[in-house]
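Q: This is start21.tsv (TSV, C-alpha atoms and all ligand atoms).
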```tsv
chain	number	residue	atom	x	y	z
I	1	MET	CA	116.18	79.29	67.87
I	2	ASN	CA	115.01	75.94	66.46
I	3	SER	CA	112.17	75.66	63.96
I	4	ARG	CA	109.55	74.69	66.56
I	5	THR	CA	110.56	77.59	68.76
I	6	CYS	CA	110.22	79.85	65.78
I	7	LEU	CA	106.76	78.47	64.94
I	8	VAL	CA	105.56	78.84	68.51
I	9	ARG	CA	106.73	82.43	68.65
I	10	LEU	CA	105.20	83.22	65.29
I	11	GLY	CA	101.95	81.54	66.42
I	12	VAL	CA	101.77	83.70	69.51
I	13	LEU	CA	102.53	86.77	67.48
I	14	CYS	CA	99.82	85.84	64.98
I	15	ILE	CA	97.24	85.55	67.75
I	16	TRP	CA	98.22	88.69	69.59
I	17	GLY	CA	99.76	90.78	66.87
I	18	LEU	CA	102.52	92.84	68.38
I	19	ALA	CA	101.18	92.40	71.91
I	20	VAL	CA	104.34	90.70	73.12
I	21	PRO	CA	107.12	92.37	71.12
I	22	MET	CA	109.92	91.41	73.49
I	23	MET	CA	109.65	87.76	72.44
I	24	LEU	CA	111.63	88.55	69.34
I	25	THR	CA	114.54	89.98	71.28
I	26	SER	CA	114.82	87.48	74.14
I	27	THR	CA	117.60	85.52	72.50
I	28	ASP	CA	119.21	84.14	75.65
I	29	LEU	CA	116.24	82.15	76.83
I	30	ASP	CA	114.95	79.10	74.94
I	31	THR	CA	111.36	78.00	74.66
I	32	LEU	CA	110.65	75.56	77.48
I	33	TYR	CA	108.71	72.57	76.17
I	34	LEU	CA	106.86	71.42	79.24
I	35	PRO	CA	106.31	67.69	79.76
I	36	ALA	CA	102.70	66.59	79.32
I	37	PRO	CA	100.70	67.45	82.43
I	38	GLU	CA	99.85	64.63	84.82
I	39	ASN	CA	96.14	65.37	84.96
I	40	THR	CA	95.03	62.41	87.02
I	41	GLY	CA	95.39	61.70	90.72
I	42	GLY	CA	95.95	64.29	93.40
I	43	ARG	CA	94.46	64.34	96.88
I	44	PRO	CA	90.70	64.17	97.53
I	45	LEU	CA	88.99	67.53	97.06
I	46	MET	CA	87.68	67.84	100.62
I	47	GLU	CA	91.15	67.26	102.05
I	48	VAL	CA	92.57	69.83	99.64
I	49	LEU	CA	89.97	72.42	100.64
I	50	ASN	CA	90.86	71.74	104.25
I	51	GLU	CA	94.54	72.47	103.48
I	52	ARG	CA	94.05	75.56	101.27
I	53	ARG	CA	95.76	78.59	102.75
I	54	SER	CA	98.07	81.53	101.99
I	55	THR	CA	101.72	81.05	102.91
I	56	ARG	CA	104.43	83.71	102.81
I	57	SER	CA	107.55	81.70	103.79
I	58	PHE	CA	109.18	79.68	101.04
I	59	ARG	CA	112.25	77.52	100.56
I	60	GLU	CA	114.36	78.44	97.53
I	61	ASP	CA	114.17	74.93	96.00
I	62	THR	CA	113.05	75.13	92.39
I	63	LEU	CA	110.09	73.25	90.96
I	64	SER	CA	110.84	70.47	88.47
I	65	ASP	CA	109.61	70.95	84.90
I	66	GLN	CA	106.97	68.29	85.60
I	67	VAL	CA	105.62	70.11	88.64
I	68	LEU	CA	105.68	73.41	86.73
I	69	SER	CA	103.80	71.73	83.89
I	70	ASN	CA	101.16	70.35	86.25
I	71	LEU	CA	100.87	73.71	88.03
I	72	LEU	CA	100.28	75.69	84.83
I	73	TRP	CA	97.86	73.14	83.43
I	74	ALA	CA	95.89	73.22	86.69
I	75	ALA	CA	95.99	77.03	86.66
I	76	PHE	CA	94.63	77.65	83.16
I	77	GLY	CA	95.57	74.80	80.85
I	78	VAL	CA	93.46	73.39	78.03
I	79	ASN	CA	91.26	70.57	79.35
I	80	ARG	CA	89.06	70.13	76.24
I	81	SER	CA	91.25	70.01	73.17
I	82	GLU	CA	88.28	69.94	70.78
I	83	SER	CA	87.13	73.40	71.89
I	84	GLY	CA	90.32	74.80	73.42
I	85	LYS	CA	88.46	75.47	76.66
I	86	ARG	CA	90.38	75.67	79.90
I	87	THR	CA	90.59	74.46	83.52
I	88	ALA	CA	89.22	77.83	84.73
I	89	PRO	CA	86.10	79.56	83.41
I	90	SER	CA	86.25	82.94	81.71
I	91	ALA	CA	83.41	85.35	81.00
I	92	ARG	CA	82.08	84.74	77.48
I	93	ASN	CA	85.02	82.40	77.02
I	94	TRP	CA	87.19	85.44	76.27
I	95	GLN	CA	90.21	83.67	77.81
I	96	GLU	CA	91.68	87.13	78.31
I	97	ILE	CA	94.02	86.24	81.17
I	98	ASP	CA	97.60	85.41	80.22
I	99	ILE	CA	99.98	83.89	82.72
I	100	TYR	CA	103.49	85.26	82.77
I	101	VAL	CA	105.87	82.96	84.63
I	102	CYS	CA	108.79	84.67	86.36
I	103	LEU	CA	111.63	82.35	87.35
I	104	GLU	CA	115.24	83.00	88.35
I	105	ARG	CA	116.41	82.39	84.75
I	106	GLY	CA	113.88	84.78	83.24
I	107	CYS	CA	110.28	85.48	82.40
I	108	TYR	CA	108.07	83.41	80.09
I	109	PHE	CA	104.60	83.56	78.62
I	110	TYR	CA	102.50	80.41	79.15
I	111	ASP	CA	101.10	79.33	75.78
I	112	ALA	CA	98.33	77.00	76.98
I	113	ALA	CA	97.40	75.68	73.53
I	114	GLU	CA	100.94	74.43	72.92
I	115	HIS	CA	101.64	73.88	76.64
I	116	VAL	CA	105.01	75.60	76.29
I	117	LEU	CA	106.73	78.52	77.96
I	118	VAL	CA	107.64	81.18	75.44
I	119	PRO	CA	110.56	83.44	76.42
I	120	ILE	CA	109.77	87.06	77.20
I	121	LEU	CA	112.81	88.35	79.04
I	122	ALA	CA	116.13	86.69	79.92
I	123	GLU	CA	116.38	88.44	83.27
I	124	ASP	CA	115.48	87.64	86.85
I	125	ILE	CA	112.61	90.07	87.45
I	126	ARG	CA	111.01	88.20	90.37
I	127	SER	CA	111.61	91.17	92.65
I	128	CYS	CA	109.59	93.34	90.25
I	129	THR	CA	106.50	91.16	90.64
I	130	GLY	CA	105.61	92.42	94.09
I	131	SER	CA	106.53	94.69	96.96
I	132	GLN	CA	106.86	91.99	99.64
I	133	SER	CA	110.39	90.80	100.37
I	134	PHE	CA	109.85	87.06	99.78
I	135	VAL	CA	108.93	87.53	96.10
I	136	ALA	CA	112.55	88.11	95.06
I	137	LYS	CA	113.61	84.57	96.06
I	138	VAL	CA	110.50	82.45	95.73
I	139	PRO	CA	111.10	80.04	92.81
I	140	VAL	CA	107.94	80.90	90.82
I	141	ASN	CA	105.98	84.11	90.54
I	142	LEU	CA	102.94	83.94	88.29
I	143	VAL	CA	101.57	87.21	86.96
I	144	TYR	CA	97.98	87.29	85.71
I	145	ILE	CA	97.66	89.82	82.90
I	146	ALA	CA	94.37	90.59	81.17
I	147	ASP	CA	94.39	91.52	77.52
I	148	PHE	CA	91.40	93.86	77.24
I	149	SER	CA	91.62	93.79	73.44
I	150	ARG	CA	90.30	90.22	73.52
I	151	MET	CA	87.15	91.19	75.46
I	152	HIS	CA	85.00	92.01	72.45
I	153	GLY	CA	81.78	93.87	73.12
I	154	ALA	CA	82.56	94.71	76.76
I	155	ALA	CA	82.44	98.22	78.21
I	156	GLU	CA	85.52	99.37	80.13
I	157	ASP	CA	83.96	98.74	83.56
I	158	GLN	CA	82.89	95.25	82.43
I	159	LYS	CA	86.45	94.50	81.30
I	160	THR	CA	87.76	95.47	84.73
I	161	PHE	CA	85.12	93.45	86.57
I	162	TYR	CA	85.26	90.28	84.49
I	163	SER	CA	89.04	90.13	84.20
I	164	ALA	CA	89.35	90.39	87.99
I	165	ALA	CA	86.81	87.60	88.44
I	166	ASP	CA	88.50	85.41	85.81
I	167	ALA	CA	91.94	85.88	87.40
I	168	GLY	CA	90.39	84.83	90.71
I	169	PHE	CA	89.33	81.47	89.30
I	170	ILE	CA	92.86	80.83	88.03
I	171	SER	CA	94.32	81.82	91.35
I	172	GLN	CA	92.02	79.43	93.20
I	173	ASN	CA	93.03	76.59	90.85
I	174	VAL	CA	96.62	77.33	91.83
I	175	TYR	CA	95.71	77.37	95.52
I	176	LEU	CA	94.01	73.98	95.21
I	177	PHE	CA	96.84	72.45	93.18
I	178	CYS	CA	99.35	73.68	95.76
I	179	ALA	CA	97.30	72.29	98.63
I	180	SER	CA	97.14	68.95	96.86
I	181	GLU	CA	100.88	68.87	96.09
I	182	GLY	CA	102.26	70.19	99.39
I	183	LEU	CA	103.35	73.46	97.78
I	184	ALA	CA	103.06	76.91	99.36
I	185	THR	CA	101.35	79.83	97.63
I	186	VAL	CA	99.90	83.29	98.13
I	187	VAL	CA	97.99	85.46	95.68
I	188	ARG	CA	99.12	89.08	95.69
I	189	GLY	CA	97.54	92.39	94.86
I	190	LEU	CA	100.50	94.33	96.23
I	191	VAL	CA	102.23	94.83	92.88
I	192	ASP	CA	103.78	97.99	91.42
I	193	ARG	CA	101.84	97.60	88.19
I	194	ASP	CA	103.35	100.56	86.36
I	195	MET	CA	106.89	99.38	87.03
I	196	LEU	CA	106.16	95.76	86.09
I	197	ALA	CA	104.22	96.77	82.96
I	198	GLU	CA	107.20	98.80	81.81
I	199	LYS	CA	109.61	95.93	82.54
I	200	LEU	CA	107.45	93.55	80.50
I	201	ALA	CA	106.86	96.14	77.75
I	202	LEU	CA	103.12	95.58	77.95
I	203	LYS	CA	100.82	97.34	75.51
I	204	THR	CA	98.16	99.65	76.93
I	205	ASP	CA	95.40	97.03	76.57
I	206	GLN	CA	97.32	94.61	78.82
I	207	LYS	CA	96.43	95.06	82.50
I	208	ILE	CA	98.21	93.41	85.39
I	209	ILE	CA	95.52	91.97	87.65
I	210	LEU	CA	97.27	89.88	90.31
I	211	ALA	CA	100.47	87.98	91.00
I	212	GLN	CA	100.87	84.69	92.82
I	213	SER	CA	103.98	83.17	94.38
I	214	VAL	CA	104.54	79.40	94.41
I	215	GLY	CA	107.26	77.35	96.07
I	216	TYR	CA	107.92	74.76	98.73
I	217	PRO	CA	106.99	75.70	102.29
I	218	VAL	CA	109.64	76.20	104.93
I	219	LEU	CA	109.79	72.91	106.84
I	220	GLN	CA	108.48	73.02	110.38
I	221	ASP	CA	110.69	71.63	113.18
I	301	LIG	C1	92.55	89.68	95.67
I	301	LIG	C2	93.53	89.30	96.77
I	301	LIG	C3	94.69	90.03	96.94
I	301	LIG	C4	95.60	89.67	97.91
I	301	LIG	N1	96.78	90.34	98.01
I	301	LIG	C5	97.71	89.94	98.88
I	301	LIG	C6	98.99	90.56	98.90
I	301	LIG	O1	99.29	91.49	98.15
I	301	LIG	N2	99.92	90.09	99.77
I	301	LIG	C7	99.65	89.04	100.62
I	301	LIG	O2	100.55	88.67	101.37
I	301	LIG	N3	98.46	88.43	100.60
I	301	LIG	C8	97.49	88.83	99.74
I	301	LIG	N4	96.29	88.17	99.68
I	301	LIG	C9	96.07	87.00	100.53
I	301	LIG	C10	95.10	87.32	101.69
I	301	LIG	O3	95.78	88.15	102.63
I	301	LIG	C11	94.65	86.00	102.32
I	301	LIG	O4	93.89	85.27	101.39
I	301	LIG	C12	93.82	86.26	103.58
I	301	LIG	O5	94.61	86.79	104.61
I	301	LIG	C13	93.16	84.97	104.08
I	301	LIG	O6	94.15	83.99	104.34
I	301	LIG	P1	94.05	82.55	103.66
I	301	LIG	O7	94.25	82.71	102.18
I	301	LIG	O8	95.16	81.74	104.29
I	301	LIG	O9	92.70	82.01	103.97
I	301	LIG	C14	95.35	88.55	98.75
I	301	LIG	C15	94.16	87.83	98.58
I	301	LIG	C16	93.25	88.18	97.61
I	301	LIG	C17	92.00	87.37	97.42
```
Any chance you could put this one into structure tokens?
Ligand SMILES: Cc1cc2nc3c(=O)[nH]c(=O)nc-3n(C[C@H](O)[C@H](O)[C@H](O)COP(=O)(O)O)c2cc1C

A:
Amino acid sequence: MNSRTCLVRLGVLCIWGLAVPMMLTSTDLDTLYLPAPENTGGRPLMEVLNERRSTRSFREDTLSDQVLSNLLWAAFGVNRSESGKRTAPSARNWQEIDIYVCLERGCYFYDAAEHVLVPILAEDIRSCTGSQSFVAKVPVNLVYIADFSRMHGAAEDQKTFYSAADAGFISQNVYLFCASEGLATVVRGLVDRDMLAEKLALKTDQKIILAQSVGYPVLQD
């Protein structure tokens, strides 16, 4: 682990206490320093809305680090560095949704402030992110996990309601980015949450809301 990796991990641990204990043991996976997001360009919004759809057939081609960077920034990156606010809204600016990024090489936590992927688990757990057969081979499975301990002042039913709404905004950002970039995606509620929570060693305040697969569409003849 280099010194920056160490600082990033310590930073995450400082913010979330022992919320993500497996970071300290994932020695076989390095922090992935994403290239700066390309946050200009893209296709016109009305064309993108016209293309937005759910797709369940994917090629196995991986996404480049640049495309992954752009995807995660579009999903829930920091777009106002002075305030740390993000590309998707969140109720009371709780920013309670974390994105876990499950790739063939392992699972990472997206640290939006640093725009890096912090290792969680050096294991291919894509098949654990959903009960549909394509999830095991799709190059990227995003998992939206709410940390209820960040939702200060909310009653339990409010935590459930607002975290679902906030995950929806992130999911739609991903849909629009994918439509703009010619990527395929589908948001998924069909997730064995107990099994995945155990795999990720989540604490009880961390709730799996939705998952979303991203990859390149199967080419039409
Ligand atoms: C909250 C939510 C959960 C969903 N869960 C699944 C799912 O588990 N599996 C799946 O294949 N599609 C899932 N979908 C995608 C819907 O089936 C899809 O959006 C719907 O059929 C409309 O198709 P469209 O997105 O192409 O307009 C989900 C969509 C939403 C909004």

Q: Provide the atom CA of I:Leu202 to atom CA of I:Tyr110 distance in Å, to one decimal place.

A: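 Here the two named atoms are 15.2 Å from each other.
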
Q: Using all atoms listed in the file, pick whichever of I:Ser213, I:Gln66, I:Ser83, I:Asn141 has the shortest atom-to-atom distance to I:Val101.

A: I:Asn141

Q: Using only C-alpha atoms and all ligand atoms, which residues of the polymer chains come no farther than 10 Å from ligand LIG 301 (chain I)? I'd like the answer as an MDAnalysis selection string.

A: chainID I and resid 51:56 130:132 134:135 164:165 167:168 171:172 175 185:191 209:213

Q: Let me make sure I understand: among I:Asn93, I:Ser180, I:Gln206, I:Thr87, which one has the smallest atom-to-atom distance to I:Tyr162 if we use all atoms listed in the file?

A: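 The closest residue to I:Tyr162 is I:Asn93.
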
Q: How many Å lie between atom CA of I:Asn70 and atom CA of I:Asn39, rounded to one decimal?

A: 7.2 Å

Q: Between I:Cys107, I:Leu183, I:Pro37, I:Thr31, which has the minimum distance to I:Leu219 (counting all atoms listed in the file)?

A: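 Smallest separation from I:Leu219 among the options: I:Leu183.
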
Q: Identify which of the residues I:Asp28, I:Asp124, I:Glu156, I:Asp111 lies closest to I:Asp98, counting all atoms listed in the file when measuring atom-to-atom distances.

A: I:Asp111

Q: If I take atom CA of I:Pro35 and atom CA of I:Ser69, how far is one from the other in Å, to one decimal?

A: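 Interatomic distance, atom CA of I:Pro35 to atom CA of I:Ser69: 6.3 Å.
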
Q: When you get a chance, write out N, CA and C atoms for stretch 105-137 of chain I, as a tab-separated table (two decimals), keeping the file's coordinate frame.

A:
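Saved to part-v9.tsv:
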```tsv
chain	number	residue	atom	x	y	z
I	105	ARG	N	115.71	82.28	86.05
I	105	ARG	CA	116.41	82.39	84.75
I	105	ARG	C	115.76	83.39	83.81
I	106	GLY	N	114.53	83.80	84.11
I	106	GLY	CA	113.88	84.78	83.24
I	106	GLY	C	112.37	84.67	83.30
I	107	CYS	N	111.74	85.41	82.41
I	107	CYS	CA	110.28	85.48	82.40
I	107	CYS	C	109.74	84.88	81.10
I	108	TYR	N	108.69	84.08	81.23
I	108	TYR	CA	108.07	83.41	80.09
I	108	TYR	C	106.58	83.74	80.04
I	109	PHE	N	106.04	83.51	78.85
I	109	PHE	CA	104.60	83.56	78.62
I	109	PHE	C	104.10	82.12	78.50
I	110	TYR	N	103.04	81.77	79.24
I	110	TYR	CA	102.50	80.41	79.15
I	110	TYR	C	101.53	80.32	77.98
I	111	ASP	N	101.94	79.59	76.95
I	111	ASP	CA	101.10	79.33	75.78
I	111	ASP	C	100.35	78.03	76.09
I	112	ALA	N	99.09	78.17	76.52
I	112	ALA	CA	98.33	77.00	76.98
I	112	ALA	C	98.01	76.04	75.84
I	113	ALA	N	97.75	76.55	74.65
I	113	ALA	CA	97.40	75.68	73.53
I	113	ALA	C	98.54	74.73	73.19
I	114	GLU	N	99.75	75.24	73.23
I	114	GLU	CA	100.94	74.43	72.92
I	114	GLU	C	101.53	73.80	74.18
I	115	HIS	N	101.10	74.27	75.33
I	115	HIS	CA	101.64	73.88	76.64
I	115	HIS	C	103.17	74.06	76.65
I	116	VAL	N	103.59	75.25	76.28
I	116	VAL	CA	105.01	75.60	76.29
I	116	VAL	C	105.17	76.96	76.97
I	117	LEU	N	106.39	77.21	77.42
I	117	LEU	CA	106.73	78.52	77.96
I	117	LEU	C	107.54	79.27	76.93
I	118	VAL	N	107.01	80.38	76.49
I	118	VAL	CA	107.64	81.18	75.44
I	118	VAL	C	108.44	82.30	76.11
I	119	PRO	N	109.73	82.42	75.76
I	119	PRO	CA	110.56	83.44	76.42
I	119	PRO	C	110.05	84.87	76.19
I	120	ILE	N	110.10	85.63	77.27
I	120	ILE	CA	109.77	87.06	77.20
I	120	ILE	C	111.01	87.89	77.50
I	121	LEU	N	111.71	87.53	78.56
I	121	LEU	CA	112.81	88.35	79.04
I	121	LEU	C	113.83	87.46	79.75
I	122	ALA	N	115.07	87.51	79.30
I	122	ALA	CA	116.13	86.69	79.92
I	122	ALA	C	116.74	87.43	81.10
I	123	GLU	N	115.94	87.65	82.11
I	123	GLU	CA	116.38	88.44	83.27
I	123	GLU	C	115.55	88.01	84.48
I	124	ASP	N	116.21	87.98	85.62
I	124	ASP	CA	115.48	87.64	86.85
I	124	ASP	C	114.72	88.88	87.33
I	125	ILE	N	113.42	88.90	87.06
I	125	ILE	CA	112.61	90.07	87.45
I	125	ILE	C	111.63	89.70	88.57
I	126	ARG	N	111.94	88.61	89.31
I	126	ARG	CA	111.01	88.20	90.37
I	126	ARG	C	110.76	89.33	91.36
I	127	SER	N	111.79	90.10	91.67
I	127	SER	CA	111.61	91.17	92.65
I	127	SER	C	110.66	92.27	92.14
I	128	CYS	N	110.48	92.32	90.82
I	128	CYS	CA	109.59	93.34	90.25
I	128	CYS	C	108.13	92.90	90.28
I	129	THR	N	107.88	91.65	90.69
I	129	THR	CA	106.50	91.16	90.64
I	129	THR	C	105.73	91.42	91.93
I	130	GLY	N	106.34	92.12	92.87
I	130	GLY	CA	105.61	92.42	94.09
I	130	GLY	C	106.46	93.20	95.06
I	131	SER	N	105.79	93.83	96.03
I	131	SER	CA	106.53	94.69	96.96
I	131	SER	C	106.87	93.99	98.27
I	132	GLN	N	106.50	92.72	98.41
I	132	GLN	CA	106.86	91.99	99.64
I	132	GLN	C	108.21	91.30	99.45
I	133	SER	N	108.98	91.20	100.53
I	133	SER	CA	110.39	90.80	100.37
I	133	SER	C	110.56	89.37	99.85
I	134	PHE	N	109.65	88.45	100.18
I	134	PHE	CA	109.85	87.06	99.78
I	134	PHE	C	109.78	86.85	98.27
I	135	VAL	N	109.16	87.78	97.53
I	135	VAL	CA	108.93	87.53	96.10
I	135	VAL	C	110.24	87.45	95.30
I	136	ALA	N	111.28	88.08	95.80
I	136	ALA	CA	112.55	88.11	95.06
I	136	ALA	C	113.22	86.74	95.00
I	137	LYS	N	112.94	85.86	95.97
I	137	LYS	CA	113.61	84.57	96.06
I	137	LYS	C	112.70	83.37	95.87
```
